[in-house]
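Novice: Take this structure, written in structure tokens, and hold onto it; I'll ask about it next.
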Amino acid sequence: MKLNRRELVAGAAVLAASLGSAQAQAAEEIVIGAVFPMSGSTAQTGVDARNAIDTALAIINEKHDLDLPLAKDAGLPGLGGKKVKVVWADHQGDPQKGRAEAERLITQDKVTALIGCYHSSVSATVSQTAERYAVPFMCADSSSPSLNQRGLKFFFRASAHDEMFSAAMFDLMDALRKQGQKIETLALFHEDTIFGTDSANVQTKLAAARGYKIVADVKYRANSPSLTSEVQQLKAGGADVLMPSSYTTDGILLVRTMNELGYKPKAIVAQAAGFSEKALYDAVGDNLEGVITRASFSLDLAAKRPMVAKVNDLFKAKASKDLNDNTSREFMAMITLADAINRAASTDGEKIRGALAATKIPGDKTIMPWKSIRFDDTGQNPDCDPVLLQYVGKKFVTIFPDAGAIAKPLWPMKG
């Protein structure tokens with residue numbers, strides 16, 4: 001049927017009104033871009049990150065009786081109650097894909113800030129892109145120490161990096177030595193990305209400084225189909241402690257190959273990543289009784305801070321699992337970023353950067369065992385004290401430091 005001129009004009013007016021309404025609604029939201037792995041070998045990590053950030057958004061955008069920044073108001077009071085919306089992008093574990101997605105979010109979706117990216121290699125490219133456009137980047141969960149050492153003005157990380165995490169690992173081993181445990185030799189096992197390489201470099205320096213001998217330093221290709229030769233090298237080294245830096249699928253393959261080849265060190269002290277993920281323990285947990293991993297978070301804190309349990313319940317309703325090292329950091333990163341945007345009372349990147357630099361959130365206003373959230377001149381929070389967890393009886397318990405521990409370390413491990 002052919003429309004006449006009057007009908008065409010009326011239709012155009014309706015369309016224009018509809019578009020105007022959509023644009024007005026969009027203007028009422030603060031849009032943040034999230035760049036995570038939503039497909040590929042670490043897709044489940046991206047799904048979990050989305051649940052963590054959605055939990056934070058529910059607290060930010062609705063009223064909650066929680067002692068967290070922004071919880072008691074609906075939306076951002078500094079911006080007239082505007083709600084926060086997150087637009088998602090999938091980097092697929094590829095640094096260059098991450099770079100392209102970050103640029104798309106900035107230039108097309110006009111995001112106010114970016115958050116991501118789990119893989120340190122992707123956080124490196126995404127944060128460089130954000131810097132070029134003067135858009136704040138909140139590093140939610142990547143732990144490479146080099147990320148905050150590049151002179152970037154718009155990079156911020158509320159959680160610890162691997163120098164801080166590794167120092168806690170060596171502090172534990174030093175303490176066990178003083179108690180009479182024989183811990184002399186270490187084996188490093190790490191993937192060939194920035195995460196694995198930086199982790200191994202830090203641990204090599206700490207081993208030399210603390211008097212431990214590295215008898216095997218095994219670098220492997222991420223997502224390798226076989227780790228047989230690598231595990232044979234580890235077994236030949238015969239180290240007292242294995243220190244892996246691996247994501248989930250590689251961690252599962254490592255443990256399965258160790259079991260097949262009959263390799264069992266006295267202890268495994270892991271750089272979290274895959275060793276903090278439920279999927280790994282669902283797959284090979286029977287062989288990991290007593291494994292130790294560094295972390296930023298422990299549910300044990302709920303005994304002293306009931307708010308932790310309440311937030312965990314909100315997350316668990318979405319994810320059907322408890323918060324862990326990764327999701328807790330993603331949650332607090334989103335809260336911290338939104339708090340800075342609120343205090344900036346602006347969507348201007350430079351003003352948000354200034355608000356982030358001025359952040360001072362007391363530890364008891366977080367779900368983390370930290371002194372506070374604040375940022376030094378490099379954008380790193382120096383007050384994010386790590387903890388060490390041990391997998392015992394199909395759950396993690398805090399074993400270090402003594403101030404937060406609820407159990408003594410099980411050494412050697414029994415897996």
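Residue numbers start at 1 in each chain; chains themselves are named A, B, ... in the order of the structure tokens; ligands are numbered from 1 in the order shown.
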If we count only C-alpha atoms, what is near Ile335 of chain A at a cut-off of 10 Å, once residues fewer than 3 positions away on the same chain are taken out, given as a list in words?
Specialist: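 Skipping anything fewer than 3 positions along the chain leaves Ile53, Thr55, Ala56, Leu57, Ile59, Ile60, Leu68, Pro69, Leu70, Ala71, Arg329, Glu330, Phe331, Met332, Ala338, Asp339, Ala340 and Thr366 of chain A.
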Novice: Residues near Asp65 of chain A, anyone? I mean within 12 Å using only C-alpha atoms, not counting same-chain ones fewer than 6 positions away, as a VMD selection string.
Specialist: chain A and resid 59 71 to 74 306 to 307 310 to 311
Novice: Between atom CA of Thr125 of chain A and atom CA of Ala355 of chain A, measure the distance and give it in Å to one decimal.
Specialist: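 Rounded to one decimal, the two atoms are 23.4 Å apart.
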Novice: Quick one: which segment 186-219 of chain A residues come within 12 Å of segment 150-161 of chain A, and what is the nearest atom pair for each with the distance in Å to one decimal, counting only C-alpha atoms, rows ordered by chain and ascending number, as JSON lines?
Specialist:
```
{"residue": "A:Phe195", "atom": "CA", "partner": "A:His161", "partner_atom": "CA", "distance": 10.1}
{"residue": "A:Asp198", "atom": "CA", "partner": "A:His161", "partner_atom": "CA", "distance": 10.0}
{"residue": "A:Ser199", "atom": "CA", "partner": "A:His161", "partner_atom": "CA", "distance": 9.3}
{"residue": "A:Val202", "atom": "CA", "partner": "A:His161", "partner_atom": "CA", "distance": 10.5}
```
Novice: I need the chosen residues saved as a tab-separated table (two decimals), in the first residue's frame, with C-alpha atoms.
Specialist:
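This went into part_0.tsv:
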```tsv
chain	number	residue	atom	x	y	z
A	195	PHE	CA	50.89	-12.52	33.28
A	198	ASP	CA	55.91	-11.06	35.04
A	199	SER	CA	54.90	-13.54	37.74
A	202	VAL	CA	59.00	-11.49	40.43
```
Novice: Once DSSP has gone over the backbone, tell me which residues of segment 43-93 of chain A are in alpha helix (DSSP H), as a ChimeraX atom specification.
Specialist: /A:43-61
Novice: Could you write those residues out with N, CA and C atoms, as a compact mmCIF listing (two decimals), in the first residue's frame?
Specialist:
```txt
# COMPACT_ATOMS: atom_id res chain seq x y z
N ALA A 43 35.94 -18.18 28.85
CA ALA A 43 34.61 -17.57 28.75
C ALA A 43 33.87 -17.59 30.08
N GLN A 44 34.03 -18.66 30.86
CA GLN A 44 33.32 -18.73 32.15
C GLN A 44 33.77 -17.61 33.08
N THR A 45 35.03 -17.23 32.98
CA THR A 45 35.53 -16.11 33.78
C THR A 45 34.81 -14.83 33.40
N GLY A 46 34.56 -14.63 32.10
CA GLY A 46 33.81 -13.47 31.66
C GLY A 46 32.38 -13.48 32.15
N VAL A 47 31.75 -14.65 32.13
CA VAL A 47 30.38 -14.78 32.65
C VAL A 47 30.35 -14.44 34.14
N ASP A 48 31.32 -14.95 34.88
CA ASP A 48 31.39 -14.66 36.31
C ASP A 48 31.64 -13.17 36.56
N ALA A 49 32.50 -12.56 35.72
CA ALA A 49 32.75 -11.12 35.86
C ALA A 49 31.47 -10.32 35.63
N ARG A 50 30.69 -10.75 34.66
CA ARG A 50 29.42 -10.05 34.40
C ARG A 50 28.48 -10.15 35.60
N ASN A 51 28.43 -11.32 36.21
CA ASN A 51 27.59 -11.46 37.40
C ASN A 51 28.09 -10.59 38.56
N ALA A 52 29.41 -10.49 38.69
CA ALA A 52 29.98 -9.65 39.75
C ALA A 52 29.66 -8.18 39.51
N ILE A 53 29.83 -7.74 38.28
CA ILE A 53 29.57 -6.33 37.95
C ILE A 53 28.08 -6.03 37.99
N ASP A 54 27.25 -6.98 37.57
CA ASP A 54 25.80 -6.78 37.69
C ASP A 54 25.37 -6.69 39.15
N THR A 55 26.04 -7.44 40.02
CA THR A 55 25.75 -7.33 41.46
C THR A 55 26.10 -5.93 41.96
N ALA A 56 27.25 -5.43 41.53
CA ALA A 56 27.63 -4.06 41.91
C ALA A 56 26.64 -3.04 41.37
N LEU A 57 26.19 -3.22 40.13
CA LEU A 57 25.23 -2.28 39.54
C LEU A 57 23.91 -2.27 40.31
N ALA A 58 23.47 -3.44 40.75
CA ALA A 58 22.23 -3.50 41.54
C ALA A 58 22.37 -2.70 42.83
N ILE A 59 23.53 -2.75 43.44
CA ILE A 59 23.76 -1.99 44.68
C ILE A 59 23.88 -0.50 44.38
N ILE A 60 24.51 -0.16 43.27
CA ILE A 60 24.67 1.25 42.89
C ILE A 60 23.34 1.88 42.47
N ASN A 61 22.57 1.16 41.70
CA ASN A 61 21.37 1.74 41.09
C ASN A 61 20.11 1.62 41.94
```
Novice: Would you please give, as number ranges by chain, all residues of segment 204-320 of chain A that DSSP assigns to strand (DSSP E or B) based on the backbone?
Specialist: A: 213-220, 241-245, 267-270, 292-295
Novice: Selection from above, N, CA and C atoms, as a PDB file, in the first residue's frame, can you write it?
Specialist:
```pdb
ATOM      1  N   LYS A 213      66.197 -21.922  46.239  1.00  0.00           N
ATOM      2  CA  LYS A 213      66.817 -22.304  44.972  1.00  0.00           C
ATOM      3  C   LYS A 213      65.736 -22.736  43.978  1.00  0.00           C
ATOM      4  N   ILE A 214      65.741 -22.129  42.801  1.00  0.00           N
ATOM      5  CA  ILE A 214      64.816 -22.522  41.741  1.00  0.00           C
ATOM      6  C   ILE A 214      65.471 -23.648  40.944  1.00  0.00           C
ATOM      7  N   VAL A 215      64.881 -24.839  41.003  1.00  0.00           N
ATOM      8  CA  VAL A 215      65.467 -26.003  40.322  1.00  0.00           C
ATOM      9  C   VAL A 215      64.782 -26.297  38.990  1.00  0.00           C
ATOM     10  N   ALA A 216      63.653 -25.632  38.737  1.00  0.00           N
ATOM     11  CA  ALA A 216      62.974 -25.753  37.436  1.00  0.00           C
ATOM     12  C   ALA A 216      62.207 -24.464  37.177  1.00  0.00           C
ATOM     13  N   ASP A 217      62.397 -23.925  35.972  1.00  0.00           N
ATOM     14  CA  ASP A 217      61.668 -22.726  35.549  1.00  0.00           C
ATOM     15  C   ASP A 217      61.083 -23.044  34.180  1.00  0.00           C
ATOM     16  N   VAL A 218      59.821 -23.473  34.186  1.00  0.00           N
ATOM     17  CA  VAL A 218      59.200 -24.023  32.982  1.00  0.00           C
ATOM     18  C   VAL A 218      58.168 -23.043  32.424  1.00  0.00           C
ATOM     19  N   LYS A 219      58.463 -22.542  31.239  1.00  0.00           N
ATOM     20  CA  LYS A 219      57.520 -21.667  30.525  1.00  0.00           C
ATOM     21  C   LYS A 219      56.832 -22.478  29.441  1.00  0.00           C
ATOM     22  N   TYR A 220      55.514 -22.331  29.322  1.00  0.00           N
ATOM     23  CA  TYR A 220      54.774 -23.105  28.328  1.00  0.00           C
ATOM     24  C   TYR A 220      53.861 -22.180  27.522  1.00  0.00           C
ATOM     25  N   VAL A 241      58.417 -27.124  46.415  1.00  0.00           N
ATOM     26  CA  VAL A 241      57.193 -26.360  46.178  1.00  0.00           C
ATOM     27  C   VAL A 241      57.047 -26.060  44.695  1.00  0.00           C
ATOM     28  N   LEU A 242      55.877 -26.338  44.154  1.00  0.00           N
ATOM     29  CA  LEU A 242      55.527 -25.956  42.787  1.00  0.00           C
ATOM     30  C   LEU A 242      54.738 -24.655  42.842  1.00  0.00           C
ATOM     31  N   MET A 243      55.128 -23.666  42.027  1.00  0.00           N
ATOM     32  CA  MET A 243      54.467 -22.364  42.014  1.00  0.00           C
ATOM     33  C   MET A 243      53.941 -22.094  40.596  1.00  0.00           C
ATOM     34  N   PRO A 244      52.676 -22.485  40.308  1.00  0.00           N
ATOM     35  CA  PRO A 244      52.122 -22.299  38.973  1.00  0.00           C
ATOM     36  C   PRO A 244      51.439 -20.937  38.794  1.00  0.00           C
ATOM     37  N   SER A 245      51.584 -20.393  37.583  1.00  0.00           N
ATOM     38  CA  SER A 245      50.871 -19.181  37.181  1.00  0.00           C
ATOM     39  C   SER A 245      50.132 -19.531  35.895  1.00  0.00           C
ATOM     40  N   ALA A 267      54.157 -29.344  48.132  1.00  0.00           N
ATOM     41  CA  ALA A 267      53.136 -28.304  48.201  1.00  0.00           C
ATOM     42  C   ALA A 267      53.013 -27.608  46.855  1.00  0.00           C
ATOM     43  N   ILE A 268      51.822 -27.085  46.602  1.00  0.00           N
ATOM     44  CA  ILE A 268      51.575 -26.204  45.462  1.00  0.00           C
ATOM     45  C   ILE A 268      51.125 -24.867  46.025  1.00  0.00           C
ATOM     46  N   VAL A 269      51.831 -23.810  45.659  1.00  0.00           N
ATOM     47  CA  VAL A 269      51.469 -22.452  46.070  1.00  0.00           C
ATOM     48  C   VAL A 269      51.234 -21.668  44.790  1.00  0.00           C
ATOM     49  N   ALA A 270      49.980 -21.403  44.471  1.00  0.00           N
ATOM     50  CA  ALA A 270      49.593 -20.915  43.147  1.00  0.00           C
ATOM     51  C   ALA A 270      49.352 -19.414  43.113  1.00  0.00           C
ATOM     52  N   ILE A 292      47.540 -24.329  48.011  1.00  0.00           N
ATOM     53  CA  ILE A 292      47.488 -22.973  48.551  1.00  0.00           C
ATOM     54  C   ILE A 292      47.463 -21.989  47.386  1.00  0.00           C
ATOM     55  N   THR A 293      46.641 -20.981  47.475  1.00  0.00           N
ATOM     56  CA  THR A 293      46.616 -19.947  46.454  1.00  0.00           C
ATOM     57  C   THR A 293      46.571 -18.581  47.115  1.00  0.00           C
ATOM     58  N   ARG A 294      47.185 -17.622  46.456  1.00  0.00           N
ATOM     59  CA  ARG A 294      47.077 -16.251  46.960  1.00  0.00           C
ATOM     60  C   ARG A 294      45.702 -15.722  46.576  1.00  0.00           C
ATOM     61  N   ALA A 295      45.252 -14.672  47.261  1.00  0.00           N
ATOM     62  CA  ALA A 295      43.926 -14.129  46.991  1.00  0.00           C
ATOM     63  C   ALA A 295      43.817 -12.704  47.513  1.00  0.00           C
TER      64      ALA A 295
END
```
